[in-house]
>>> print(open('target.pdb').read())   # PDB, C-alpha atoms, pLDDT in the B column
ATOM      1  CA  MET R   1       0.000   0.000   0.000  1.00 92.00           C
ATOM      2  CA  ARG R   2       1.206   3.491  -0.754  1.00 95.00           C
ATOM      3  CA  GLU R   3      -0.249   6.964  -0.649  1.00 95.00           C
ATOM      4  CA  ILE R   4      -0.702   8.696  -4.004  1.00 95.00           C
ATOM      5  CA  GLN R   5      -1.801  12.079  -5.248  1.00 94.00           C
ATOM      6  CA  PRO R   6      -5.566  12.158  -5.793  1.00 92.00           C
ATOM      7  CA  LYS R   7      -7.053  13.382  -9.059  1.00 93.00           C
ATOM      8  CA  ALA R   8      -9.673  16.111  -9.045  1.00 91.00           C
ATOM      9  CA  HIS R   9     -12.534  13.866 -10.183  1.00 92.00           C
ATOM     10  CA  TYR R  10     -12.047  11.463  -7.250  1.00 93.00           C
ATOM     11  CA  ALA R  11     -14.010  13.870  -5.066  1.00 93.00           C
ATOM     12  CA  GLU R  12     -17.122  13.094  -7.130  1.00 93.00           C
ATOM     13  CA  GLN R  13     -17.202   9.619  -5.562  1.00 91.00           C
ATOM     14  CA  LEU R  14     -17.873  11.184  -2.169  1.00 94.00           C
ATOM     15  CA  ARG R  15     -20.618  13.541  -3.279  1.00 94.00           C
ATOM     16  CA  PRO R  16     -23.453  11.063  -2.417  1.00 94.00           C
ATOM     17  CA  TYR R  17     -22.075  10.864   1.147  1.00 95.00           C
ATOM     18  CA  GLU R  18     -21.776  14.638   1.580  1.00 95.00           C
ATOM     19  CA  ILE R  19     -18.235  14.427   2.970  1.00 95.00           C
ATOM     20  CA  ASP R  20     -15.053  16.251   1.956  1.00 93.00           C
ATOM     21  CA  ALA R  21     -12.336  14.491  -0.042  1.00 92.00           C
ATOM     22  CA  ALA R  22      -9.805  16.848   1.547  1.00 93.00           C
ATOM     23  CA  ASP R  23     -10.267  14.837   4.763  1.00 95.00           C
ATOM     24  CA  CYS R  24      -9.192  11.621   3.002  1.00 96.00           C
ATOM     25  CA  ARG R  25      -5.907   9.966   2.088  1.00 96.00           C
ATOM     26  CA  CYS R  26      -5.689   8.562  -1.444  1.00 97.00           C
ATOM     27  CA  LEU R  27      -4.231   5.051  -1.301  1.00 97.00           C
ATOM     28  CA  PHE R  28      -3.057   2.532  -3.898  1.00 97.00           C
ATOM     29  CA  PHE R  29      -3.210  -1.211  -3.153  1.00 96.00           C
ATOM     30  CA  SER R  30      -1.643  -3.777  -5.473  1.00 94.00           C
ATOM     31  CA  ALA R  31      -3.637  -6.895  -6.384  1.00 88.00           C
ATOM     32  CA  GLY R  32      -3.519  -9.321  -3.465  1.00 86.00           C
ATOM     33  CA  GLU R  33      -2.877  -6.711  -0.790  1.00 93.00           C
ATOM     34  CA  THR R  34      -5.136  -6.498   2.263  1.00 93.00           C
ATOM     35  CA  LEU R  35      -7.164  -3.370   2.977  1.00 94.00           C
ATOM     36  CA  ILE R  36      -8.975  -4.592   6.087  1.00 94.00           C
ATOM     37  CA  ARG R  37      -7.930  -7.569   8.219  1.00 92.00           C
ATOM     38  CA  GLN R  38     -10.462  -9.711  10.046  1.00 91.00           C
ATOM     39  CA  GLY R  39     -10.480  -9.178  13.817  1.00 91.00           C
ATOM     40  CA  GLU R  40      -8.352  -6.032  13.720  1.00 94.00           C
ATOM     41  CA  PRO R  41      -9.668  -2.503  14.332  1.00 93.00           C
ATOM     42  CA  VAL R  42     -10.914  -0.681  11.236  1.00 92.00           C
ATOM     43  CA  GLU R  43      -8.983   2.582  11.010  1.00 91.00           C
ATOM     44  CA  SER R  44     -10.610   4.073   7.903  1.00 95.00           C
ATOM     45  CA  LEU R  45     -13.763   3.926   5.841  1.00 95.00           C
ATOM     46  CA  TYR R  46     -12.497   3.093   2.342  1.00 96.00           C
ATOM     47  CA  PHE R  47     -14.250   4.416  -0.750  1.00 95.00           C
ATOM     48  CA  ILE R  48     -13.313   2.504  -3.917  1.00 93.00           C
ATOM     49  CA  ILE R  49     -12.312   4.700  -6.850  1.00 94.00           C
ATOM     50  CA  GLU R  50     -10.815   2.098  -9.191  1.00 92.00           C
ATOM     51  CA  GLY R  51     -10.431  -1.676  -9.050  1.00 90.00           C
ATOM     52  CA  ARG R  52     -12.230  -4.565  -7.362  1.00 87.00           C
ATOM     53  CA  VAL R  53     -12.025  -6.123  -3.901  1.00 89.00           C
ATOM     54  CA  GLU R  54     -13.377  -9.272  -2.290  1.00 84.00           C
ATOM     55  CA  ALA R  55     -14.402  -9.992   1.299  1.00 84.00           C
ATOM     56  CA  LEU R  56     -13.050 -13.188   2.876  1.00 82.00           C
ATOM     57  CA  VAL R  57     -13.751 -14.907   6.196  1.00 82.00           C
ATOM     58  CA  LEU R  58     -10.663 -16.661   7.564  1.00 72.00           C
ATOM     59  CA  GLN R  59     -11.193 -19.908   9.492  1.00 69.00           C
ATOM     60  CA  ASP R  60      -9.101 -21.007  12.485  1.00 68.00           C
ATOM     61  CA  ASP R  61      -7.496 -23.760  10.385  1.00 63.00           C
ATOM     62  CA  GLY R  62      -6.266 -21.227   7.814  1.00 60.00           C
ATOM     63  CA  ARG R  63      -8.941 -21.853   5.198  1.00 63.00           C
ATOM     64  CA  ARG R  64     -10.568 -18.886   3.492  1.00 65.00           C
ATOM     65  CA  LEU R  65     -14.234 -18.592   2.580  1.00 66.00           C
ATOM     66  CA  ALA R  66     -15.200 -15.842   0.174  1.00 66.00           C
ATOM     67  CA  LEU R  67     -18.315 -13.961   1.174  1.00 65.00           C
ATOM     68  CA  CYS R  68     -21.064 -13.642  -1.379  1.00 53.00           C
ATOM     69  CA  TYR R  69     -20.051 -10.248  -2.725  1.00 55.00           C
ATOM     70  CA  THR R  70     -17.272  -8.437  -4.462  1.00 66.00           C
ATOM     71  CA  ALA R  71     -17.155  -4.671  -4.677  1.00 70.00           C
ATOM     72  CA  GLU R  72     -16.138  -2.194  -7.363  1.00 75.00           C
ATOM     73  CA  SER R  73     -17.738   0.855  -5.741  1.00 80.00           C
ATOM     74  CA  GLY R  74     -19.141   2.052  -2.455  1.00 84.00           C
ATOM     75  CA  ALA R  75     -17.659   1.991   1.032  1.00 90.00           C
ATOM     76  CA  LEU R  76     -15.635  -0.666   2.875  1.00 92.00           C
ATOM     77  CA  GLY R  77     -15.843  -0.866   6.646  1.00 93.00           C
ATOM     78  CA  ASP R  78     -19.469   0.231   6.604  1.00 93.00           C
ATOM     79  CA  VAL R  79     -20.694  -3.005   8.198  1.00 91.00           C
ATOM     80  CA  GLU R  80     -18.432  -2.470  11.207  1.00 93.00           C
ATOM     81  CA  LEU R  81     -19.391   1.208  11.348  1.00 94.00           C
ATOM     82  CA  MET R  82     -23.094   0.441  11.615  1.00 93.00           C
ATOM     83  CA  GLN R  83     -22.595  -2.472  14.023  1.00 91.00           C
ATOM     84  CA  GLU R  84     -20.141  -0.476  16.154  1.00 89.00           C
ATOM     85  CA  ALA R  85     -17.890  -3.545  16.031  1.00 86.00           C
ATOM     86  CA  ASP R  86     -14.494  -3.506  17.755  1.00 83.00           C
ATOM     87  CA  GLY R  87     -12.850  -5.498  14.976  1.00 91.00           C
ATOM     88  CA  ALA R  88     -13.387  -6.204  11.298  1.00 92.00           C
ATOM     89  CA  THR R  89     -15.889  -8.974  10.576  1.00 88.00           C
ATOM     90  CA  ALA R  90     -14.004 -10.074   7.439  1.00 88.00           C
ATOM     91  CA  THR R  91     -10.756  -9.581   5.568  1.00 89.00           C
ATOM     92  CA  VAL R  92     -11.033  -7.384   2.468  1.00 91.00           C
ATOM     93  CA  ALA R  93      -8.368  -7.945  -0.183  1.00 88.00           C
ATOM     94  CA  ALA R  94      -7.710  -6.339  -3.548  1.00 90.00           C
ATOM     95  CA  GLN R  95      -8.557  -8.629  -6.476  1.00 83.00           C
ATOM     96  CA  THR R  96      -7.046  -6.115  -8.883  1.00 86.00           C
ATOM     97  CA  ASP R  97      -4.971  -2.998  -8.355  1.00 91.00           C
ATOM     98  CA  VAL R  98      -7.171  -0.693  -6.285  1.00 94.00           C
ATOM     99  CA  ILE R  99      -7.284   3.062  -5.697  1.00 95.00           C
ATOM    100  CA  CYS R 100      -9.411   4.242  -2.801  1.00 95.00           C
ATOM    101  CA  LEU R 101     -10.032   7.235  -0.564  1.00 96.00           C
ATOM    102  CA  ALA R 102      -9.490   6.492   3.141  1.00 97.00           C
ATOM    103  CA  TYR R 103     -11.754   8.529   5.418  1.00 97.00           C
ATOM    104  CA  PRO R 104     -10.763   8.529   9.130  1.00 96.00           C
ATOM    105  CA  TYR R 105     -13.015   6.241  11.134  1.00 94.00           C
ATOM    106  CA  ALA R 106     -13.477   8.768  13.953  1.00 94.00           C
ATOM    107  CA  ARG R 107     -14.901  11.234  11.428  1.00 95.00           C
ATOM    108  CA  ALA R 108     -17.107   8.497   9.947  1.00 96.00           C
ATOM    109  CA  ARG R 109     -18.604   7.829  13.385  1.00 95.00           C
ATOM    110  CA  ARG R 110     -19.446  11.515  13.765  1.00 96.00           C
ATOM    111  CA  GLN R 111     -20.996  11.582  10.290  1.00 96.00           C
ATOM    112  CA  ARG R 112     -23.112   8.575  11.222  1.00 95.00           C
ATOM    113  CA  GLU R 113     -24.543  10.507  14.158  1.00 95.00           C
ATOM    114  CA  GLU R 114     -24.827  13.975  12.588  1.00 95.00           C
ATOM    115  CA  ASN R 115     -25.160  13.632   8.798  1.00 96.00           C
ATOM    116  CA  LEU R 116     -28.445  12.123   7.610  1.00 96.00           C
ATOM    117  CA  VAL R 117     -27.333  12.175   3.942  1.00 96.00           C
ATOM    118  CA  PHE R 118     -24.231  10.141   4.861  1.00 96.00           C
ATOM    119  CA  LEU R 119     -26.298   7.682   6.885  1.00 95.00           C
ATOM    120  CA  ARG R 120     -28.797   7.139   4.062  1.00 96.00           C
ATOM    121  CA  GLN R 121     -26.060   6.497   1.501  1.00 95.00           C
ATOM    122  CA  VAL R 122     -24.284   3.987   3.747  1.00 95.00           C
ATOM    123  CA  ALA R 123     -27.634   2.233   4.221  1.00 94.00           C
ATOM    124  CA  ARG R 124     -28.060   2.078   0.426  1.00 93.00           C
ATOM    125  CA  ASP R 125     -24.578   0.565   0.095  1.00 90.00           C
ATOM    126  CA  LEU R 126     -25.381  -2.100   2.667  1.00 90.00           C
ATOM    127  CA  SER R 127     -28.679  -2.879   0.941  1.00 90.00           C
ATOM    128  CA  LEU R 128     -26.870  -3.341  -2.374  1.00 86.00           C
ATOM    129  CA  LYS R 129     -24.312  -5.667  -0.775  1.00 82.00           C
ATOM    130  CA  LEU R 130     -27.129  -7.748   0.703  1.00 83.00           C
ATOM    131  CA  THR R 131     -28.851  -7.988  -2.681  1.00 83.00           C
ATOM    132  CA  ARG R 132     -25.647  -9.020  -4.431  1.00 77.00           C
ATOM    133  CA  SER R 133     -24.891 -11.563  -1.715  1.00 74.00           C
ATOM    134  CA  THR R 134     -28.346 -13.086  -2.030  1.00 76.00           C
ATOM    135  CA  ASP R 135     -28.139 -13.249  -5.823  1.00 74.00           C
ATOM    136  CA  ARG R 136     -24.743 -14.917  -5.709  1.00 70.00           C
ATOM    137  CA  LEU R 137     -25.868 -17.398  -3.067  1.00 70.00           C
ATOM    138  CA  VAL R 138     -28.915 -18.333  -5.143  1.00 72.00           C
ATOM    139  CA  ARG R 139     -26.791 -18.818  -8.275  1.00 69.00           C
ATOM    140  CA  ALA R 140     -24.316 -20.924  -6.330  1.00 65.00           C
ATOM    141  CA  SER R 141     -27.030 -23.170  -4.879  1.00 67.00           C
ATOM    142  CA  LEU R 142     -28.763 -23.703  -8.230  1.00 65.00           C
ATOM    143  CA  SER R 143     -25.818 -23.808 -10.652  1.00 74.00           C
ATOM    144  CA  PRO R 144     -23.756 -26.931 -11.447  1.00 87.00           C
ATOM    145  CA  ALA R 145     -20.197 -26.885 -10.117  1.00 88.00           C
ATOM    146  CA  ARG R 146     -18.631 -26.573 -13.591  1.00 89.00           C
ATOM    147  CA  GLU R 147     -20.781 -23.525 -14.348  1.00 88.00           C
ATOM    148  CA  GLN R 148     -19.758 -21.867 -11.065  1.00 86.00           C
ATOM    149  CA  VAL R 149     -16.072 -22.443 -11.826  1.00 89.00           C
ATOM    150  CA  CYS R 150     -16.398 -21.049 -15.345  1.00 90.00           C
ATOM    151  CA  ARG R 151     -18.205 -17.979 -14.040  1.00 86.00           C
ATOM    152  CA  HIS R 152     -15.458 -17.415 -11.470  1.00 86.00           C
ATOM    153  CA  LEU R 153     -12.758 -17.694 -14.142  1.00 89.00           C
ATOM    154  CA  LEU R 154     -14.514 -15.102 -16.284  1.00 87.00           C
ATOM    155  CA  GLN R 155     -15.140 -12.683 -13.436  1.00 81.00           C
ATOM    156  CA  HIS R 156     -11.567 -12.835 -12.122  1.00 83.00           C
ATOM    157  CA  ARG R 157      -9.573 -13.008 -15.336  1.00 86.00           C
ATOM    158  CA  ARG R 158      -7.021 -10.492 -16.501  1.00 84.00           C
ATOM    159  CA  GLY R 159      -7.570 -10.170 -20.197  1.00 88.00           C
ATOM    160  CA  SER R 160      -7.625 -13.736 -21.503  1.00 90.00           C
ATOM    161  CA  ARG R 161      -5.791 -15.318 -18.614  1.00 89.00           C
ATOM    162  CA  TYR R 162      -6.528 -16.423 -15.060  1.00 90.00           C
ATOM    163  CA  CYS R 163      -3.737 -15.915 -12.515  1.00 86.00           C
ATOM    164  CA  GLY R 164      -5.454 -17.194  -9.362  1.00 84.00           C
ATOM    165  CA  THR R 165      -5.063 -20.538  -7.606  1.00 86.00           C
ATOM    166  CA  LEU R 166      -7.362 -23.534  -7.262  1.00 89.00           C
ATOM    167  CA  MET R 167      -7.628 -22.764  -3.534  1.00 84.00           C
ATOM    168  CA  GLU R 168      -8.988 -19.316  -4.421  1.00 82.00           C
ATOM    169  CA  ILE R 169     -11.610 -20.869  -6.700  1.00 86.00           C
ATOM    170  CA  SER R 170     -12.567 -23.281  -3.919  1.00 85.00           C
ATOM    171  CA  ALA R 171     -12.860 -20.442  -1.389  1.00 76.00           C
ATOM    172  CA  ALA R 172     -14.984 -18.347  -3.741  1.00 77.00           C
ATOM    173  CA  THR R 173     -17.363 -21.110  -4.800  1.00 80.00           C
ATOM    174  CA  GLY R 174     -17.514 -23.369  -1.750  1.00 77.00           C
ATOM    175  CA  ILE R 175     -16.661 -26.366  -3.964  1.00 85.00           C
ATOM    176  CA  SER R 176     -14.087 -28.807  -2.597  1.00 87.00           C
ATOM    177  CA  TYR R 177     -10.490 -28.472  -3.765  1.00 89.00           C
ATOM    178  CA  ARG R 178     -10.447 -32.002  -5.215  1.00 92.00           C
ATOM    179  CA  HIS R 179     -13.588 -31.363  -7.238  1.00 92.00           C
ATOM    180  CA  ILE R 180     -12.094 -28.073  -8.495  1.00 92.00           C
ATOM    181  CA  GLN R 181      -9.046 -30.048  -9.653  1.00 93.00           C
ATOM    182  CA  ARG R 182     -11.236 -32.439 -11.629  1.00 93.00           C
ATOM    183  CA  ILE R 183     -13.205 -29.609 -13.241  1.00 93.00           C
ATOM    184  CA  ILE R 184     -10.046 -27.698 -14.238  1.00 93.00           C
ATOM    185  CA  GLN R 185      -8.473 -30.862 -15.638  1.00 92.00           C
ATOM    186  CA  LYS R 186     -11.586 -31.473 -17.746  1.00 91.00           C
ATOM    187  CA  LEU R 187     -11.649 -27.848 -18.979  1.00 93.00           C
ATOM    188  CA  CYS R 188      -8.016 -28.201 -19.999  1.00 92.00           C
ATOM    189  CA  ALA R 189      -8.695 -31.523 -21.720  1.00 93.00           C
ATOM    190  CA  ASP R 190     -11.574 -29.894 -23.604  1.00 91.00           C
ATOM    191  CA  GLY R 191      -9.339 -27.038 -24.736  1.00 91.00           C
ATOM    192  CA  VAL R 192     -11.345 -24.405 -22.857  1.00 92.00           C
ATOM    193  CA  MET R 193      -8.241 -23.382 -20.921  1.00 92.00           C
ATOM    194  CA  LYS R 194      -4.539 -24.182 -20.903  1.00 93.00           C
ATOM    195  CA  LYS R 195      -2.037 -24.129 -18.043  1.00 91.00           C
ATOM    196  CA  THR R 196       1.227 -22.342 -18.771  1.00 90.00           C
ATOM    197  CA  PRO R 197       4.727 -22.912 -17.336  1.00 87.00           C
ATOM    198  CA  GLN R 198       4.431 -19.432 -15.769  1.00 84.00           C
ATOM    199  CA  GLY R 199       1.656 -20.688 -13.489  1.00 81.00           C
ATOM    200  CA  PHE R 200      -1.414 -19.037 -15.011  1.00 86.00           C
ATOM    201  CA  TYR R 201      -4.094 -20.251 -17.411  1.00 91.00           C
ATOM    202  CA  HIS R 202      -4.908 -19.058 -20.921  1.00 90.00           C
ATOM    203  CA  LEU R 203      -8.673 -18.943 -21.400  1.00 92.00           C
ATOM    204  CA  ASP R 204     -10.809 -19.485 -24.484  1.00 91.00           C
ATOM    205  CA  LEU R 205     -13.251 -16.727 -23.545  1.00 91.00           C
ATOM    206  CA  GLU R 206     -15.900 -17.607 -26.135  1.00 90.00           C
ATOM    207  CA  ARG R 207     -16.151 -21.267 -25.104  1.00 89.00           C
ATOM    208  CA  LEU R 208     -15.886 -20.357 -21.421  1.00 89.00           C
ATOM    209  CA  SER R 209     -18.788 -17.930 -21.737  1.00 88.00           C
ATOM    210  CA  LYS R 210     -20.989 -20.641 -23.237  1.00 84.00           C
ATOM    211  CA  SER R 211     -20.441 -22.736 -20.092  1.00 80.00           C
ATOM    212  CA  CYS R 212     -22.116 -20.182 -17.797  1.00 75.00           C
ATOM    213  CA  PRO R 213     -25.295 -18.766 -19.338  1.00 64.00           C
TER     214      PRO R 213
END
>>> encode(input="target.pdb", output="C-alpha cells")
Amino acid sequence: MREIQPKAHYAEQLRPYEIDAADCRCLFFSAGETLIRQGEPVESLYFIIEGRVEALVLQDDGRRLALCYTAESGALGDVELMQEADGATATVAAQTDVICLAYPYARARRQREENLVFLRQVARDLSLKLTRSTDRLVRASLSPAREQVCRHLLQHRRGSRYCGTLMEISAATGISYRHIQRIIQKLCADGVMKKTPQGFYHLDLERLSKSCP
C-alpha cells in the first residue's frame, strides 16, 4: 500500500455521502494486498475509486471462505461502522490494483450521528451488498459446479488469462479443492483453458462464456 496524489474527479465519488475528499488519504493497493484484516480494528472507511475487492472470512485452520459479494464501488468498513464492532468482521483484499479514498473512522462515526445524507447512503450501500450476496448465493445453490467455476474464471480473469489458484476458486465457490481439480483438468482436456509454465491459465473466452449462461 502506498499513498498517491488524488485526481480532481475522485471527489465526485464522495458527493453522495456529503463528505469532503480533503479529509481523506488517497491510497493505492496492489492486487492481493489487504485493505482490512479480520479481527483487527478498522482505522478508515475506504471508498473505492478504481479496481475490485473481495471480502473473505478466515477460518481457524487457515482456510478462506469468500463472502457472497465483491465490490467495485461504495464503502468498505461500513458493516463495522453500523454495528459499532471492535474489529473487522471479514478480511477485504484487492482482487485487482485498487485506488481508494481512506476517510478517518473517527470522522465516519461523527458523520453517522450527525449527517443524515451520509447515513442514508451507507444504508443504500449495505442494501446493495445484501442484494448481491443473495443473488450470488442463489446462483451458487442452483448452478452446477462446472458452471460456477467457469463464471469465477470469467469474473476474475485479466484479459484472456486467469492468474489465481485452485484454492482461491474453492474459497470463492464453496466447492471442494479435489472437485475443483477435476473440473479444471476437464476444462483443460476440452481445450477451454490451458495451463502455462508461468503458473497461469490461458482462457478461451468464447467457449468459457458458453459454459455459464
>>> residues_near_point(input="target.pdb", point="(-13.3, -26.8, -19.1)", cutoff="10 Å", atoms="only C-alpha atoms", output="list in words")
Arg146, Glu147, Val149, Cys150, Arg182, Ile183, Ile184, Gln185, Lys186, Leu187, Cys188, Ala189, Asp190, Gly191, Val192, Met193, Lys194, Leu203, Asp204, Arg207, Leu208 and Ser211 of chain R
>>> closest_residue(input="target.pdb", among="R:Gln121, R:Leu56, R:Asp78, R:Gln148", to="Thr173 in chain R", atoms="all atoms listed in the file")
R:Gln148
>>> resolve_selection(input="target.pdb", expression="the PyMOL selection byres ((chain R and resi 91) around 6)", output="list in words")
Ile36, Arg37, Gln38, Ala55, Leu56, Ala90 and Val92 of chain R
>>> write_last_selection(input="target.pdb", atoms="C-alpha atoms", output="mmCIF file, keeping the file's coordinate frame")
data_model
loop_
_atom_site.group_PDB
_atom_site.id
_atom_site.type_symbol
_atom_site.label_atom_id
_atom_site.label_comp_id
_atom_site.auth_asym_id
_atom_site.auth_seq_id
_atom_site.Cartn_x
_atom_site.Cartn_y
_atom_site.Cartn_z
ATOM 1 C CA ILE R 36 -8.975 -4.592 6.087
ATOM 2 C CA ARG R 37 -7.930 -7.569 8.219
ATOM 3 C CA GLN R 38 -10.462 -9.711 10.046
ATOM 4 C CA ALA R 55 -14.402 -9.992 1.299
ATOM 5 C CA LEU R 56 -13.050 -13.188 2.876
ATOM 6 C CA ALA R 90 -14.004 -10.074 7.439
ATOM 7 C CA VAL R 92 -11.033 -7.384 2.468
#
>>> residues_around(input="target.pdb", residues="Cys26 in chain R", least_positions_apart="6", cutoff="8 Å", atoms="only C-alpha atoms", output="ChimeraX atom specification")
/R:3-6,99-102
>>> resolve_selection(input="target.pdb", expression="the PyMOL selection byres ((chain R and resi 159-162) around 8)", output="ChimeraX atom specification")
/R:153,156-158,163-164,200-205
>>> residues_near_point(input="target.pdb", point="(-20.6, -3.5, 6.4)", cutoff="12 Å", atoms="only C-alpha atoms", output="ChimeraX atom specification")
/R:36,42,45-46,55,67,69,71,74-85,87-92,122-130
>>> closest_residue(input="target.pdb", among="R:His179, R:Lys210, R:Leu14, R:Asp86", to="Pro41 in chain R", atoms="only C-alpha atoms")
R:Asp86
>>> atom_distance(input="target.pdb", atom1="CA of Ile48 in chain R", atom2="CA of His152 in chain R")
21.4 Å
>>> decode(input="target.pdb", residues="range 117-138 of chain R", atoms="N, CA, C and O atoms", output="PDB file, in the first residue's frame")
ATOM      1  N   VAL R 117     -27.638  12.545   5.323  1.00  0.00           N
ATOM      2  CA  VAL R 117     -27.333  12.175   3.942  1.00  0.00           C
ATOM      3  C   VAL R 117     -26.301  11.046   3.923  1.00  0.00           C
ATOM      4  O   VAL R 117     -26.440  10.056   3.196  1.00  0.00           O
ATOM      5  N   PHE R 118     -25.261  11.182   4.735  1.00  0.00           N
ATOM      6  CA  PHE R 118     -24.231  10.141   4.861  1.00  0.00           C
ATOM      7  C   PHE R 118     -24.861   8.828   5.320  1.00  0.00           C
ATOM      8  O   PHE R 118     -24.594   7.762   4.744  1.00  0.00           O
ATOM      9  N   LEU R 119     -25.684   8.891   6.336  1.00  0.00           N
ATOM     10  CA  LEU R 119     -26.298   7.682   6.885  1.00  0.00           C
ATOM     11  C   LEU R 119     -27.166   6.977   5.850  1.00  0.00           C
ATOM     12  O   LEU R 119     -27.133   5.746   5.726  1.00  0.00           O
ATOM     13  N   ARG R 120     -27.935   7.745   5.084  1.00  0.00           N
ATOM     14  CA  ARG R 120     -28.797   7.139   4.062  1.00  0.00           C
ATOM     15  C   ARG R 120     -27.968   6.453   2.978  1.00  0.00           C
ATOM     16  O   ARG R 120     -28.319   5.362   2.517  1.00  0.00           O
ATOM     17  N   GLN R 121     -26.865   7.085   2.562  1.00  0.00           N
ATOM     18  CA  GLN R 121     -26.060   6.497   1.501  1.00  0.00           C
ATOM     19  C   GLN R 121     -25.376   5.211   1.969  1.00  0.00           C
ATOM     20  O   GLN R 121     -25.288   4.236   1.227  1.00  0.00           O
ATOM     21  N   VAL R 122     -24.881   5.210   3.201  1.00  0.00           N
ATOM     22  CA  VAL R 122     -24.284   3.987   3.747  1.00  0.00           C
ATOM     23  C   VAL R 122     -25.331   2.880   3.810  1.00  0.00           C
ATOM     24  O   VAL R 122     -25.042   1.712   3.498  1.00  0.00           O
ATOM     25  N   ALA R 123     -26.552   3.228   4.183  1.00  0.00           N
ATOM     26  CA  ALA R 123     -27.634   2.233   4.221  1.00  0.00           C
ATOM     27  C   ALA R 123     -27.914   1.683   2.827  1.00  0.00           C
ATOM     28  O   ALA R 123     -28.150   0.472   2.659  1.00  0.00           O
ATOM     29  N   ARG R 124     -27.872   2.543   1.806  1.00  0.00           N
ATOM     30  CA  ARG R 124     -28.060   2.078   0.426  1.00  0.00           C
ATOM     31  C   ARG R 124     -26.944   1.108   0.031  1.00  0.00           C
ATOM     32  O   ARG R 124     -27.182   0.094  -0.623  1.00  0.00           O
ATOM     33  N   ASP R 125     -25.712   1.450   0.400  1.00  0.00           N
ATOM     34  CA  ASP R 125     -24.578   0.565   0.095  1.00  0.00           C
ATOM     35  C   ASP R 125     -24.771  -0.810   0.713  1.00  0.00           C
ATOM     36  O   ASP R 125     -24.543  -1.845   0.074  1.00  0.00           O
ATOM     37  N   LEU R 126     -25.179  -0.826   1.976  1.00  0.00           N
ATOM     38  CA  LEU R 126     -25.381  -2.100   2.667  1.00  0.00           C
ATOM     39  C   LEU R 126     -26.508  -2.899   2.029  1.00  0.00           C
ATOM     40  O   LEU R 126     -26.430  -4.133   1.910  1.00  0.00           O
ATOM     41  N   SER R 127     -27.564  -2.208   1.611  1.00  0.00           N
ATOM     42  CA  SER R 127     -28.679  -2.879   0.941  1.00  0.00           C
ATOM     43  C   SER R 127     -28.210  -3.520  -0.361  1.00  0.00           C
ATOM     44  O   SER R 127     -28.592  -4.653  -0.690  1.00  0.00           O
ATOM     45  N   LEU R 128     -27.378  -2.801  -1.116  1.00  0.00           N
ATOM     46  CA  LEU R 128     -26.870  -3.341  -2.374  1.00  0.00           C
ATOM     47  C   LEU R 128     -25.989  -4.564  -2.133  1.00  0.00           C
ATOM     48  O   LEU R 128     -26.070  -5.554  -2.870  1.00  0.00           O
ATOM     49  N   LYS R 129     -25.150  -4.505  -1.104  1.00  0.00           N
ATOM     50  CA  LYS R 129     -24.312  -5.667  -0.775  1.00  0.00           C
ATOM     51  C   LYS R 129     -25.181  -6.873  -0.430  1.00  0.00           C
ATOM     52  O   LYS R 129     -24.879  -8.003  -0.837  1.00  0.00           O
ATOM     53  N   LEU R 130     -26.237  -6.649   0.335  1.00  0.00           N
ATOM     54  CA  LEU R 130     -27.129  -7.748   0.703  1.00  0.00           C
ATOM     55  C   LEU R 130     -27.778  -8.347  -0.530  1.00  0.00           C
ATOM     56  O   LEU R 130     -27.873  -9.582  -0.662  1.00  0.00           O
ATOM     57  N   THR R 131     -28.223  -7.496  -1.453  1.00  0.00           N
ATOM     58  CA  THR R 131     -28.851  -7.988  -2.681  1.00  0.00           C
ATOM     59  C   THR R 131     -27.871  -8.807  -3.507  1.00  0.00           C
ATOM     60  O   THR R 131     -28.207  -9.893  -3.995  1.00  0.00           O
ATOM     61  N   ARG R 132     -26.657  -8.299  -3.668  1.00  0.00           N
ATOM     62  CA  ARG R 132     -25.647  -9.020  -4.431  1.00  0.00           C
ATOM     63  C   ARG R 132     -25.303 -10.347  -3.768  1.00  0.00           C
ATOM     64  O   ARG R 132     -25.134 -11.368  -4.440  1.00  0.00           O
ATOM     65  N   SER R 133     -25.200 -10.335  -2.441  1.00  0.00           N
ATOM     66  CA  SER R 133     -24.891 -11.563  -1.715  1.00  0.00           C
ATOM     67  C   SER R 133     -25.979 -12.604  -1.923  1.00  0.00           C
ATOM     68  O   SER R 133     -25.702 -13.781  -2.152  1.00  0.00           O
ATOM     69  N   THR R 134     -27.227 -12.166  -1.842  1.00  0.00           N
ATOM     70  CA  THR R 134     -28.346 -13.086  -2.030  1.00  0.00           C
ATOM     71  C   THR R 134     -28.356 -13.653  -3.434  1.00  0.00           C
ATOM     72  O   THR R 134     -28.529 -14.866  -3.633  1.00  0.00           O
ATOM     73  N   ASP R 135     -28.152 -12.786  -4.434  1.00  0.00           N
ATOM     74  CA  ASP R 135     -28.139 -13.249  -5.823  1.00  0.00           C
ATOM     75  C   ASP R 135     -27.039 -14.279  -6.046  1.00  0.00           C
ATOM     76  O   ASP R 135     -27.248 -15.300  -6.710  1.00  0.00           O
ATOM     77  N   ARG R 136     -25.863 -13.992  -5.506  1.00  0.00           N
ATOM     78  CA  ARG R 136     -24.743 -14.917  -5.709  1.00  0.00           C
ATOM     79  C   ARG R 136     -24.994 -16.235  -4.998  1.00  0.00           C
ATOM     80  O   ARG R 136     -24.675 -17.301  -5.519  1.00  0.00           O
ATOM     81  N   LEU R 137     -25.569 -16.172  -3.806  1.00  0.00           N
ATOM     82  CA  LEU R 137     -25.868 -17.398  -3.067  1.00  0.00           C
ATOM     83  C   LEU R 137     -26.886 -18.249  -3.806  1.00  0.00           C
ATOM     84  O   LEU R 137     -26.753 -19.477  -3.878  1.00  0.00           O
ATOM     85  N   VAL R 138     -27.896 -17.599  -4.379  1.00  0.00           N
ATOM     86  CA  VAL R 138     -28.915 -18.333  -5.143  1.00  0.00           C
ATOM     87  C   VAL R 138     -28.282 -18.990  -6.365  1.00  0.00           C
ATOM     88  O   VAL R 138     -28.540 -20.166  -6.659  1.00  0.00           O
TER      89      VAL R 138
END
